[in-house]
Every structure is written in C-alpha cells, then in structure tokens.
file run_39.csv (CSV, C-alpha atoms)
chain,number,residue,atom,x,y,z
H,141,MET,CA,22.5,114.0,86.9
H,142,ARG,CA,25.5,114.2,84.5
H,143,SER,CA,26.4,110.6,85.1
H,144,GLN,CA,22.8,109.6,84.5
H,145,ASN,CA,22.8,111.5,81.2
H,146,THR,CA,26.0,109.8,80.2
H,147,GLY,CA,24.4,106.4,80.8
H,148,GLN,CA,21.4,107.4,78.7
H,149,ILE,CA,23.6,108.6,75.9
H,150,ARG,CA,25.5,105.3,76.0
H,151,ILE,CA,22.2,103.4,75.6
H,152,ILE,CA,21.2,105.7,72.7
H,153,GLU,CA,24.6,105.2,71.2
H,154,ALA,CA,24.2,101.4,71.5
H,155,PHE,CA,20.8,101.5,70.0
H,156,LEU,CA,22.0,103.7,67.1
H,157,ALA,CA,24.9,101.2,66.5
H,158,VAL,CA,22.5,98.3,66.5
H,159,LEU,CA,20.2,100.2,64.2
H,160,ILE,CA,23.0,101.0,61.8
H,161,ILE,CA,24.2,97.4,61.7
H,162,PHE,CA,20.7,96.0,61.1
H,163,THR,CA,20.0,98.7,58.5
H,164,SER,CA,23.2,97.8,56.7
H,165,PHE,CA,22.3,94.1,56.8
H,166,THR,CA,18.8,94.7,55.6
H,167,ILE,CA,20.0,96.9,52.7
H,168,ALA,CA,22.6,94.2,51.9
H,169,SER,CA,20.0,91.4,51.9
H,170,ASN,CA,17.7,93.5,49.7
H,171,LEU,CA,20.5,94.3,47.3
H,172,THR,CA,21.3,90.6,46.9
H,173,VAL,CA,17.8,89.5,46.0
H,174,ARG,CA,19.4,88.5,42.7
H,175,PRO,CA,19.4,84.8,43.1
H,176,ASN,CA,16.3,84.8,40.8
H,177,ILE,CA,18.4,86.0,37.9
H,178,LYS,CA,21.3,83.8,39.0
H,179,LYS,CA,19.0,80.7,39.0
H,180,SER,CA,17.6,81.5,35.6
H,181,GLU,CA,21.1,82.0,34.2
H,182,ASP,CA,22.1,78.7,35.8
H,183,LEU,CA,19.2,77.1,34.0
H,184,ALA,CA,20.2,78.6,30.7
H,185,SER,CA,23.8,77.4,31.3
H,186,ILE,CA,22.4,73.9,31.9
H,187,GLY,CA,20.4,74.1,28.8
H,188,PHE,CA,23.3,75.2,26.7
H,189,GLN,CA,25.5,72.4,28.1
H,190,ALA,CA,22.8,69.8,27.3
H,191,LEU,CA,22.5,71.0,23.7
H,192,ILE,CA,26.2,71.2,23.2
H,193,LYS,CA,26.6,67.7,24.6
H,194,LEU,CA,23.9,66.2,22.4
H,195,ASP,CA,25.3,68.0,19.3
H,196,SER,CA,29.0,67.3,19.9
H,197,ASP,CA,29.0,64.2,17.7
H,198,GLY,CA,26.1,65.4,15.5
H,199,THR,CA,23.5,63.3,17.2
H,200,LEU,CA,21.1,66.2,17.7
H,201,GLY,CA,21.2,67.2,14.0
H,202,LYS,CA,20.8,63.6,12.9
H,203,LEU,CA,17.7,63.2,15.1
H,204,ILE,CA,16.2,66.4,13.8
H,205,ASP,CA,17.0,65.4,10.2
H,206,HIS,CA,15.0,62.2,10.8
H,207,LYS,CA,12.3,64.1,12.7
H,208,ASN,CA,12.7,61.7,15.6
H,209,TRP,CA,11.0,63.9,18.2
H,210,THR,CA,10.5,61.0,20.7
H,211,ALA,CA,14.2,60.2,20.7
H,212,ILE,CA,15.1,63.9,21.2
H,213,ARG,CA,12.7,64.1,24.2
H,214,ASP,CA,14.3,60.9,25.7
H,215,ALA,CA,17.8,62.3,25.1
H,216,PHE,CA,17.0,65.5,26.9
H,217,ASP,CA,15.4,63.5,29.7
H,218,ILE,CA,18.7,61.7,30.1
H,219,VAL,CA,21.1,64.7,29.7
H,220,LEU,CA,19.2,67.2,31.9
H,221,PRO,CA,19.3,66.9,35.6
H,222,THR,CA,16.2,65.5,37.3
H,223,GLY,CA,13.7,68.1,38.5
H,224,ILE,CA,14.1,70.3,35.4
H,225,CYS,CA,11.2,70.7,33.0
H,226,PHE,CA,11.9,71.5,29.4
H,227,ASN,CA,10.0,72.4,26.3
H,228,LEU,CA,11.8,72.3,22.9
H,229,THR,CA,10.8,73.9,19.6
H,230,VAL,CA,12.7,73.3,16.4
H,231,TYR,CA,12.6,75.8,13.6
H,232,ASP,CA,14.2,75.6,10.1
H,233,ASP,CA,16.5,78.3,8.8
H,234,GLU,CA,13.4,80.4,7.8
H,235,MET,CA,11.9,80.1,11.3
H,236,HIS,CA,9.2,77.7,10.4
H,237,GLN,CA,8.4,75.3,13.2
H,238,ILE,CA,9.2,71.8,12.1
H,239,ASN,CA,8.4,69.7,15.1
H,240,ASP,CA,4.8,68.5,14.7
H,241,SER,CA,4.6,67.1,18.2
H,242,VAL,CA,5.4,68.6,21.5
H,243,ILE,CA,8.9,67.9,22.8
H,244,SER,CA,8.4,68.3,26.5
H,245,ASN,CA,8.6,66.4,29.8
H,246,GLY,CA,5.7,68.2,31.5
H,247,SER,CA,4.0,71.5,32.1
H,248,PHE,CA,5.8,74.5,33.6
H,249,SER,CA,4.6,75.4,37.0
H,250,SER,CA,7.5,77.6,38.0
H,251,GLN,CA,7.6,81.3,37.2
H,252,GLU,CA,11.3,81.0,36.7
H,253,ILE,CA,11.8,80.1,33.0
H,254,ALA,CA,15.1,80.2,31.2
H,255,PHE,CA,15.3,80.5,27.4
H,256,VAL,CA,18.1,79.2,25.2
H,257,GLU,CA,18.5,79.7,21.5
H,258,TYR,CA,20.8,77.2,19.8
H,259,VAL,CA,21.9,76.9,16.2
H,260,CYS,CA,22.1,73.2,15.2
H,261,ALA,CA,24.0,72.5,12.0
H,262,SER,CA,23.5,69.0,10.8
H,263,GLN,CA,26.6,67.0,9.9
H,264,SER,CA,24.9,65.2,7.0
H,265,THR,CA,26.2,65.6,3.4
H,266,VAL,CA,23.2,67.8,2.6
H,267,PHE,CA,23.7,70.8,4.8
H,268,ARG,CA,20.7,71.8,7.0
H,269,CYS,CA,20.6,74.3,9.8
H,270,TYR,CA,18.0,74.4,12.5
H,271,ILE,CA,17.3,76.8,15.3
H,272,VAL,CA,16.5,75.0,18.5
H,273,CYS,CA,14.6,77.0,21.2
H,274,LEU,CA,14.8,75.4,24.6
H,275,GLN,CA,12.7,76.6,27.6
H,276,LEU,CA,13.7,75.3,31.0
H,277,ALA,CA,12.2,75.6,34.4
H,278,VAL,CA,12.7,74.0,37.8
H,279,ALA,CA,9.9,71.5,38.5
H,280,GLN,CA,7.9,72.3,41.6
P,76,MET,CA,38.0,116.3,89.6
P,77,CYS,CA,40.8,114.2,88.2
P,78,ARG,CA,38.3,111.2,88.0
P,79,ARG,CA,35.8,113.3,86.1
P,80,GLU,CA,38.4,114.2,83.5
P,81,LEU,CA,39.5,110.6,83.1
P,82,ARG,CA,35.9,109.6,82.6
P,83,ALA,CA,35.3,112.3,80.0
P,84,ASN,CA,38.5,111.3,78.2
P,85,ASN,CA,37.4,107.6,78.2
P,86,SER,CA,34.0,108.5,76.9
P,87,GLY,CA,35.5,110.2,73.9
P,88,GLN,CA,37.8,107.2,73.2
P,89,LEU,CA,34.9,104.8,73.4
P,90,LEU,CA,32.9,106.9,70.9
P,91,ILE,CA,35.9,106.8,68.5
P,92,VAL,CA,36.2,103.1,68.9
P,93,GLY,CA,32.4,102.7,68.4
P,94,ALA,CA,32.5,104.9,65.3
P,95,LEU,CA,35.5,102.9,63.9
P,96,ALA,CA,33.6,99.6,64.6
P,97,ILE,CA,30.6,100.9,62.8
P,98,ALA,CA,32.7,102.2,59.9
P,99,ILE,CA,34.4,98.8,59.6
P,100,LEU,CA,31.0,97.0,59.6
P,101,ILE,CA,29.7,99.3,56.9
P,102,SER,CA,32.9,98.8,54.8
P,103,VAL,CA,32.7,95.0,55.2
P,104,THR,CA,29.0,95.1,54.2
P,105,THR,CA,29.8,97.2,51.1
P,106,VAL,CA,32.6,94.9,50.1
P,107,TYR,CA,30.3,91.9,50.5
P,108,VAL,CA,27.5,93.5,48.4
P,109,TYR,CA,30.1,94.5,45.8
P,110,GLU,CA,31.4,90.9,45.6
P,111,LEU,CA,27.9,89.5,45.3
P,112,GLY,CA,27.4,91.9,42.4
P,113,ASN,CA,30.5,90.7,40.7
P,114,GLU,CA,29.4,87.1,41.2
P,115,THR,CA,26.2,87.8,39.3
P,116,ASN,CA,28.2,89.4,36.5
P,117,SER,CA,30.4,86.3,36.3
P,118,VAL,CA,27.3,84.1,35.7
P,119,ASP,CA,26.5,86.4,32.7
P,120,VAL,CA,29.9,85.7,31.3
P,121,ARG,CA,29.3,82.0,31.7
P,122,SER,CA,26.2,82.3,29.6
P,123,ILE,CA,28.0,84.1,26.9
P,124,ASN,CA,30.8,81.6,27.0
P,125,ASN,CA,28.3,78.8,26.5
P,126,PHE,CA,26.8,80.8,23.5
P,127,ILE,CA,30.2,81.1,21.9
P,128,LEU,CA,30.9,77.4,22.5
P,129,ALA,CA,27.6,76.6,20.8
P,130,ILE,CA,28.4,78.7,17.8
P,131,LYS,CA,31.8,77.1,17.5
P,132,GLN,CA,30.1,73.7,17.7
P,133,SER,CA,27.8,74.7,14.8
P,134,THR,CA,30.7,76.0,12.8
P,135,ARG,CA,32.5,72.7,13.2
P,136,ASN,CA,29.4,70.7,12.2
P,137,THR,CA,29.0,72.9,9.1
P,138,MET,CA,32.6,72.2,8.1
P,139,ILE,CA,32.1,68.4,8.6
P,140,SER,CA,28.9,68.5,6.5
P,141,SER,CA,30.6,70.5,3.8
P,142,LEU,CA,33.7,68.2,3.7
P,143,ALA,CA,31.4,65.1,3.6
P,144,ASN,CA,29.6,66.7,0.6
P,145,VAL,CA,32.7,67.7,-1.3
P,146,SER,CA,34.5,64.4,-0.7
P,147,ASN,CA,31.4,62.6,-2.0
P,148,GLY,CA,31.6,64.5,-5.3
P,149,GLY,CA,30.1,67.9,-4.4
P,150,GLU,CA,31.5,71.2,-5.6
P,151,ARG,CA,34.3,72.9,-3.5
P,152,ILE,CA,32.2,76.0,-3.3
P,153,VAL,CA,29.8,74.1,-1.0
P,154,LEU,CA,32.0,75.0,2.0
P,155,THR,CA,31.7,78.8,1.4
P,156,ALA,CA,28.0,78.5,0.6
P,157,ASN,CA,27.2,76.5,3.8
P,158,LEU,CA,29.3,78.9,6.0
P,159,ASP,CA,27.5,81.9,4.4
P,160,LYS,CA,24.2,80.3,5.4
P,161,LEU,CA,25.4,79.7,8.9
P,162,SER,CA,26.6,83.3,9.2
P,163,GLU,CA,23.2,84.6,8.1
P,164,ILE,CA,21.5,82.4,10.8
P,165,VAL,CA,23.9,83.6,13.5
P,166,ARG,CA,23.2,87.2,12.5
P,167,ASN,CA,19.5,86.6,13.2
P,168,LEU,CA,20.2,85.4,16.8
P,169,HIS,CA,19.6,88.2,19.4
P,170,GLN,CA,19.8,86.4,22.7
P,171,PHE,CA,22.9,88.3,23.7
P,172,GLY,CA,22.6,91.3,21.4
P,173,ILE,CA,24.1,91.4,17.9
P,174,SER,CA,26.1,88.4,16.7
P,175,GLN,CA,28.3,88.4,13.7
P,176,LEU,CA,30.3,85.5,12.3
P,177,ASN,CA,32.8,86.2,9.6
P,178,PHE,CA,35.0,83.6,7.9
P,179,GLY,CA,37.7,83.1,5.4
P,180,VAL,CA,38.4,79.7,3.7
P,181,LEU,CA,42.0,78.7,3.3
P,182,ASN,CA,43.6,79.1,-0.1
P,183,ASP,CA,47.3,78.0,-0.5
P,184,SER,CA,49.4,75.5,-2.3
P,185,VAL,CA,47.3,72.5,-1.1
P,186,TYR,CA,43.9,74.0,-0.1
P,187,ASP,CA,41.6,75.3,-2.8
P,188,SER,CA,38.5,77.1,-1.5
P,189,GLY,CA,39.2,75.7,1.9
P,190,ILE,CA,39.3,72.1,0.6
P,191,TRP,CA,42.2,69.7,0.2
P,192,LEU,CA,41.6,66.3,-1.4
P,193,SER,CA,44.7,64.2,-1.8
P,194,TRP,CA,43.8,60.7,-2.8
P,195,ASN,CA,46.5,59.6,-5.3
P,196,THR,CA,49.6,59.8,-3.2
P,197,ASN,CA,51.1,56.4,-2.4
P,198,ASN,CA,50.0,55.0,1.0
P,199,LEU,CA,48.3,58.2,2.1
P,200,GLY,CA,44.9,59.7,1.5
P,201,VAL,CA,43.6,63.0,2.9
P,202,SER,CA,40.3,64.8,2.8
P,203,SER,CA,40.5,68.1,4.6
P,204,ALA,CA,38.6,71.4,5.1
P,205,CYS,CA,40.1,74.5,6.7
P,206,ALA,CA,38.7,77.9,7.5
P,207,ASN,CA,39.3,80.9,9.9
P,208,PHE,CA,36.5,82.6,11.8
P,209,THR,CA,35.8,85.8,13.7
P,210,LEU,CA,32.9,85.8,16.0
P,211,LYS,CA,31.7,89.1,17.4
P,212,VAL,CA,28.9,89.6,20.0
P,213,TYR,CA,27.7,93.1,20.9
P,214,GLY,CA,25.1,93.9,23.5
P,215,ILE,CA,24.4,95.5,26.8
P,216,GLY,CA,27.5,94.9,28.8
P,217,VAL,CA,28.8,92.5,26.2
P,218,ASN,CA,31.5,93.1,23.7
P,219,VAL,CA,33.2,89.9,22.6
P,220,SER,CA,35.4,89.3,19.6
P,221,LEU,CA,36.9,85.9,19.1
P,222,ASP,CA,39.2,84.5,16.4
P,223,TYR,CA,39.3,80.8,15.8
P,224,ALA,CA,40.0,78.2,13.1
P,225,PHE,CA,38.8,74.8,12.3
P,226,ASN,CA,40.7,72.1,10.3
P,227,ILE,CA,38.6,69.0,9.7
P,228,THR,CA,40.7,66.2,8.3
P,229,THR,CA,40.1,62.6,7.7
P,230,SER,CA,43.2,60.7,6.6
P,231,ILE,CA,44.1,57.1,5.9
P,232,VAL,CA,47.5,55.4,5.8
P,233,VAL,CA,47.7,52.1,4.0
P,234,ASN,CA,50.7,49.7,3.9
P,235,GLY,CA,50.7,46.1,2.7
P,236,TYR,CA,52.5,43.1,1.3
P,237,TYR,CA,51.5,39.8,-0.3
P,238,ILE,CA,52.4,36.1,0.1
P,239,LYS,CA,52.4,34.0,-3.1
P,240,LEU,CA,49.9,31.2,-3.2
P,241,ALA,CA,49.3,28.6,-5.9
P,242,ASN,CA,49.4,29.7,-9.5
P,243,GLU,CA,48.8,33.5,-9.8
P,244,GLU,CA,47.0,33.7,-6.5
P,245,LYS,CA,48.4,36.0,-3.9
P,246,MET,CA,47.4,36.6,-0.3
P,247,VAL,CA,47.4,40.3,0.3
P,248,ASN,CA,47.7,41.7,3.8
P,249,LEU,CA,47.0,45.4,4.5
P,250,THR,CA,47.3,47.6,7.5
P,251,CYS,CA,45.1,50.7,7.5
P,252,ARG,CA,45.2,53.5,10.0
P,253,VAL,CA,42.4,56.0,10.0
P,254,TYR,CA,42.6,59.4,11.6
P,255,ASN,CA,40.2,62.3,12.3
P,256,GLU,CA,42.0,65.5,13.0
P,257,GLY,CA,45.1,63.5,13.8
P,258,GLU,CA,43.4,61.3,16.3
P,259,TYR,CA,42.6,57.6,15.7
P,260,ALA,CA,39.1,57.2,14.3
P,261,LEU,CA,36.7,54.5,13.2
P,262,VAL,CA,35.2,53.9,9.8
P,263,LYS,CA,31.8,53.0,8.5
P,264,GLU,CA,32.9,50.8,5.6
P,265,PHE,CA,35.9,49.9,3.5
P,266,ASN,CA,35.8,49.3,-0.3
P,267,ILE,CA,38.9,47.6,-1.6
P,268,PHE,CA,40.1,47.1,-5.2
P,269,TYR,CA,43.2,45.5,-6.7
P,270,GLU,CA,44.6,46.1,-10.2
P,271,LYS,CA,44.5,43.5,-12.9
P,272,PHE,CA,45.4,44.2,-16.5
P,273,GLY,CA,44.9,47.9,-15.9
P,274,GLU,CA,41.5,47.5,-14.3
P,275,TRP,CA,40.4,47.9,-10.7
P,276,LYS,CA,38.8,44.6,-9.5
P,277,PRO,CA,36.6,44.9,-6.4
P,278,VAL,CA,37.4,42.7,-3.5
P,279,ASN,CA,34.5,40.9,-1.8
P,280,SER,CA,33.7,37.8,0.1
P,281,LEU,CA,34.6,35.7,-3.0
P,282,ASN,CA,38.2,36.9,-2.4
P,283,GLY,CA,38.1,35.7,1.2
P,284,LEU,CA,38.0,39.3,2.4
P,285,SER,CA,38.7,39.6,6.1
P,286,ILE,CA,38.7,42.9,8.1
P,287,ILE,CA,39.9,43.0,11.7
P,288,ASN,CA,39.0,46.2,13.6
P,289,TYR,CA,41.3,46.8,16.6
P,290,GLY,CA,39.1,49.6,17.8
P,291,ASN,CA,41.8,52.2,17.9
P,292,GLY,CA,41.7,53.3,14.2
P,293,THR,CA,43.8,50.4,13.1
P,294,TYR,CA,42.4,47.8,10.7
P,295,THR,CA,44.1,44.8,9.2
P,296,ILE,CA,42.6,43.6,5.9
P,297,SER,CA,43.5,40.4,4.1
P,298,PHE,CA,42.2,38.9,0.8
P,299,THR,CA,43.3,36.8,-2.2
P,300,ALA,CA,44.1,38.5,-5.4
P,301,ASP,CA,44.3,36.7,-8.7
P,302,THR,CA,46.8,38.7,-10.7
P,303,PRO,CA,50.0,37.8,-12.6
P,304,SER,CA,51.9,41.1,-11.8
P,305,GLU,CA,54.9,41.0,-9.4
P,306,LYS,CA,53.6,44.2,-7.7
P,307,VAL,CA,50.0,44.3,-6.6
P,308,GLN,CA,48.4,47.7,-6.7
P,309,VAL,CA,45.7,48.1,-4.1
P,310,LEU,CA,43.1,50.9,-3.7
P,311,VAL,CA,41.4,51.3,-0.4
P,312,ASN,CA,38.5,53.8,-0.1
P,313,THR,CA,36.5,54.4,3.1
P,314,TYR,CA,33.8,56.5,4.7
P,315,ASP,CA,34.5,57.6,8.3
P,316,LEU,CA,31.7,57.8,10.9
P,317,ARG,CA,31.0,61.4,9.7
P,318,ASP,CA,30.5,60.2,6.1
P,319,ILE,CA,33.7,61.8,4.9
P,320,PHE,CA,35.1,59.9,2.0
P,321,VAL,CA,38.9,59.3,1.6
P,322,GLN,CA,40.9,56.9,-0.4
P,323,ALA,CA,44.6,55.8,-0.7
P,324,ASN,CA,46.5,53.4,-2.9
P,325,THR,CA,49.5,51.2,-2.1
P,326,THR,CA,51.8,48.9,-3.9
P,327,CYS,CA,52.3,45.5,-2.3
P,328,SER,CA,55.4,43.5,-2.8
P,329,GLU,CA,56.1,39.8,-2.1
P,330,VAL,CA,57.6,39.0,1.3

call {"tool": "encode", "arguments": {"input": "run_39.csv", "output": "structure tokens"}}
result
Amino acid sequence: MRSQNTGQIRIIEAFLAVLIIFTSFTIASNLTVRPNIKKSEDLASIGFQALIKLDSDGTLGKLIDHKNWTAIRDAFDIVLPTGICFNLTVYDDEMHQINDSVISNGSFSSQEIAFVEYVCASQSTVFRCYIVCLQLAVAQ
Amino acid sequence: MCRRELRANNSGQLLIVGALAIAILISVTTVYVYELGNETNSVDVRSINNFILAIKQSTRNTMISSLANVSNGGERIVLTANLDKLSEIVRNLHQFGISQLNFGVLNDSVYDSGIWLSWNTNNLGVSSACANFTLKVYGIGVNVSLDYAFNITTSIVVNGYYIKLANEEKMVNLTCRVYNEGEYALVKEFNIFYEKFGEWKPVNSLNGLSIINYGNGTYTISFTADTPSEKVQVLVNTYDLRDIFVQANTTCSEV
C-alpha cells in the first residue's frame, strides 16, 4: 500500500513539475509578446535612417525647396527597403502642410504603423526649415 | 527494514533534486524574460539615437545655409537668427518628450558672431562658421543631454607662377586646392581676375582659360594675362557645392 502511494506521489510530482515548467514557459511567452513594439520601433529606425541619408548632403531640403514631390517619392522608394509602405507629409515651420500632392507608395493595410517626425533644414542661402512627418508600415 | 530506510532516504534526495531542477528552470526563465525586456529597451535607445542624429544633421545644415548666406554678402547675425529658429522648431517636437536645443556662437580673435571670413591673406581664403550646442531630451524613461560643436569651413589654397610670352603677354598657371572641413572638396564654379594698372580684369575664354579638375579637390588653371608688371596679382573666387563663397589672392612670379 505504501509503495503504491509512493508511486502515485511520484506521478503527481512529475505532473506538478511538468505543470510548473509549462506554466513558466507560457508566462514567459506572454510576457514577450512585445515584438509588435519592437517591429514598430524597427520601422521608425528605418524611417529615421532613410531621412538622415537623404538629408546628409542637403538633397531632401533641396527637393522640398523646389517642391519636387515626385522626386521625393522616388527617392524614398529607392532608400527604403522593399515591402515597406510610406506616406510623407511636409509642413513649414508654422505647421502648414506644403505638399499639395500625396507622397506615398500605396495604401496602408497593416495595423502596425510607425511615425517619424524629422526637422529638415535646407542648406540653401535663404534658410528654410521644414517638418517632415513620415508614416511607415509593412506591406501585406 | 534497512531497505525501507534507504528507499525513504532516496525519495527525499530525489525531491530535493527535483525541487532544485524546477528552481533552476524558473531562474533561467526569469533571466530569459529579463534579457528580452532589456532588448526591448535597447531598441528604444536606438530610436532616440536616431532622433539625436537627425537633430545634429539639421544643425549642420542650418550652419551651412547660414555660412552660404553670410559669405554671399549676408549679415553675420544670420547665423544666430537661423539657429534661434531651429531651436524653436526643435522645442515643438514631442516625439520623445521635451526637446531643447541651446547654442552659443564662437566669438574670439578670428570668429565674430560665429563667422570667420578671411579672404585677403596671400594664397589662402577661408569662410567658416563655428558654434557649440547642447541638446536635451526629457521624457518617460528618457533623459539625454548631449554637447556637440560644428565647424563648417570652406577654404581655398592658391599657388601660381607665369611664363613670359611675346610682348607683355604672360601664361599664368595656378594650382587651387579646395577643402570642406579640411577634406578635399569640389567646386561649382571659379571666377578668376588678374590685376592690371590697379584694376581687376576678369579672365574668360578670350584669355584662353583652361581649368583641369583632378576630382580630388585639386584644380589647375591656366590663362594668358596681358600686363606689364613683373609680378602678376591673381584673385580666385569660388563657390563650393554648398554655395559657400570663398576667395584668395596670390602673387605669381616668372619661372
């Protein structure tokens, strides 16, 4: 009778151990459902890098100065990795929108949208400052 | 009896080993979760780093724009005015909390209101702007303060000589080296003048002007000058690719 009990207790112990392990893994996996934030931050980082790259030699400011929205869209198409949708809005220093046409490469179907705010100072002799708002999403 | 005791002893040991194993598993899981949390935080830091990089980029562009303006005849105060405007715009950004950009333009023996224009020194011309900055970003989990400085400088070094041709004609050969922040740089255009009877005569195609660009910031310029003087005074002015104007003069002797 005693040895039978010991066997049952062992089984219960094993079950408990398995339960504890699974519970800990379940909690761990739930706690790490942060990739959403991570993804969005990655997108924001990609956006910042693209803006900095285009602005490093003053190209972005020059294109905005000349209101060349098509060239800006083409430039972002080249600089951003494939599979990323973007929508760009350019404001002047008083937050008036100045792009009169949409600067985008398609509609956003993803729920995951990153937002980047960038100050673009033009290198031209007449100083102009723009605020570029870039929205990014992974194309689905 | 002895067997039973041994069994009971073993059972206790097994329980301890089992408990230890479970404790280790829980600890490992906790460490794993903690590290994942840290990774997420490091991504945050990367975003702020990018934001700071972007502000630094805008600061640099503002300084280039201001120097281009001043070197083309604008007031020196333009640098301070433009940086003031940039600081105001940065204050209105709230993506990472509150951002604050403070600056101080350099004033010393050569810089006045952050600007240094030295165009009359023999062989060397300098157009430069210099300022110090402090960027502060405050927000939830963010408290960054960064000091940095920018020195935007376009300089030109001109050396030359001439070979006597028929009558008063002289073949002038110049070597120009252009620098942006001490690195070799290209230019948009050159305007060259030589002195004749106290007047600056422009050099153009009629003087057989030839400019060779070596692609590394070095240019050789040759032209004919019709002047009786033994020493030929030459003035070279140029705009770099950022529209910053700089000029230098040199005295050419016969070789």

call {"tool": "residues_around", "arguments": {"input": "run_39.csv", "residues": "H:Ala277", "least_positions_apart": "5", "cutoff": "12 Å", "atoms": "all atoms listed in the file", "output": "PDB file with C-alpha atoms, in the frame of the given file"}}
result
ATOM      1  CA  ASN H 176      16.300  84.800  40.800  1.00  0.00           C
ATOM      2  CA  LYS H 179      19.000  80.700  39.000  1.00  0.00           C
ATOM      3  CA  SER H 180      17.600  81.500  35.600  1.00  0.00           C
ATOM      4  CA  GLU H 181      21.100  82.000  34.200  1.00  0.00           C
ATOM      5  CA  ASP H 182      22.100  78.700  35.800  1.00  0.00           C
ATOM      6  CA  LEU H 183      19.200  77.100  34.000  1.00  0.00           C
ATOM      7  CA  ALA H 184      20.200  78.600  30.700  1.00  0.00           C
ATOM      8  CA  ILE H 186      22.400  73.900  31.900  1.00  0.00           C
ATOM      9  CA  GLY H 187      20.400  74.100  28.800  1.00  0.00           C
ATOM     10  CA  LEU H 220      19.200  67.200  31.900  1.00  0.00           C
ATOM     11  CA  PRO H 221      19.300  66.900  35.600  1.00  0.00           C
ATOM     12  CA  THR H 222      16.200  65.500  37.300  1.00  0.00           C
ATOM     13  CA  GLY H 223      13.700  68.100  38.500  1.00  0.00           C
ATOM     14  CA  ILE H 224      14.100  70.300  35.400  1.00  0.00           C
ATOM     15  CA  CYS H 225      11.200  70.700  33.000  1.00  0.00           C
ATOM     16  CA  PHE H 226      11.900  71.500  29.400  1.00  0.00           C
ATOM     17  CA  ASN H 227      10.000  72.400  26.300  1.00  0.00           C
ATOM     18  CA  LEU H 228      11.800  72.300  22.900  1.00  0.00           C
ATOM     19  CA  SER H 244       8.400  68.300  26.500  1.00  0.00           C
ATOM     20  CA  ASN H 245       8.600  66.400  29.800  1.00  0.00           C
ATOM     21  CA  GLY H 246       5.700  68.200  31.500  1.00  0.00           C
ATOM     22  CA  SER H 247       4.000  71.500  32.100  1.00  0.00           C
ATOM     23  CA  PHE H 248       5.800  74.500  33.600  1.00  0.00           C
ATOM     24  CA  SER H 249       4.600  75.400  37.000  1.00  0.00           C
ATOM     25  CA  SER H 250       7.500  77.600  38.000  1.00  0.00           C
ATOM     26  CA  GLN H 251       7.600  81.300  37.200  1.00  0.00           C
ATOM     27  CA  GLU H 252      11.300  81.000  36.700  1.00  0.00           C
ATOM     28  CA  ILE H 253      11.800  80.100  33.000  1.00  0.00           C
ATOM     29  CA  ALA H 254      15.100  80.200  31.200  1.00  0.00           C
ATOM     30  CA  PHE H 255      15.300  80.500  27.400  1.00  0.00           C
ATOM     31  CA  VAL H 256      18.100  79.200  25.200  1.00  0.00           C
TER      32      VAL H 256
END

call {"tool": "atom_distance", "arguments": {"input": "run_39.csv", "atom1": "atom CA of P:Val247", "atom2": "atom CA of P:Glu274"}}
result
17.3 Å

call {"tool": "closest_residue", "arguments": {"input": "run_39.csv", "among": "H:Ile149, H:Asn239, H:Asp205, H:Gly198", "to": "chain P", "atoms": "all atoms listed in the file"}}
result
H:Gly198

call {"tool": "atom_distance", "arguments": {"input": "run_39.csv", "atom1": "atom CA of P:Asn207", "atom2": "atom CA of P:Asp222"}}
result
7.4 Å

call {"tool": "closest_residue", "arguments": {"input": "run_39.csv", "among": "P:Asn218, P:Ser328, P:Thr155, P:Phe320", "to": "P:Leu192", "atoms": "all atoms listed in the file"}}
result
P:Phe320

call {"tool": "closest_atom_pairs", "arguments": {"input": "run_39.csv", "of": "chain P", "to": "chain H", "cutoff": "7 Å", "atoms": "only C-alpha atoms", "output": "tab-separated table"}}
result
residue	atom	partner	partner_atom	distance
P:Ile97	CA	H:Ala157	CA	6.8
P:Ile101	CA	H:Ser164	CA	6.7
P:Thr104	CA	H:Ala168	CA	6.9
P:Val108	CA	H:Ala168	CA	6.1
P:Leu111	CA	H:Thr172	CA	6.9
P:Thr115	CA	H:Lys178	CA	6.3
P:Val118	CA	H:Glu181	CA	6.7
P:Ser122	CA	H:Ser185	CA	5.7
P:Asn125	CA	H:Phe188	CA	6.2
P:Ala129	CA	H:Ile192	CA	6.1
P:Ile130	CA	H:Val259	CA	6.9
P:Gln132	CA	H:Ser196	CA	6.9
P:Ser133	CA	H:Ala261	CA	5.2
P:Asn136	CA	H:Gln263	CA	5.2
P:Thr137	CA	H:Ala261	CA	5.8
P:Ile139	CA	H:Gln263	CA	5.8
P:Ser140	CA	H:Gln263	CA	4.4
P:Ser141	CA	H:Thr265	CA	6.6
P:Ala143	CA	H:Thr265	CA	5.2
P:Asn144	CA	H:Thr265	CA	4.5
P:Asn157	CA	H:Phe267	CA	6.8
P:Ile164	CA	H:Asp233	CA	6.8
P:Gln170	CA	H:Glu257	CA	6.9

call {"tool": "atom_distance", "arguments": {"input": "run_39.csv", "atom1": "atom CA of P:Cys251", "atom2": "atom CA of P:Val233"}}
result
4.6 Å

call {"tool": "residues_around", "arguments": {"input": "run_39.csv", "residues": "stretch 280-286 of chain P", "least_positions_apart": "3", "cutoff": "7 Å", "atoms": "all atoms listed in the file", "output": "PyMOL selection string"}}
result
chain P and resi 294-300
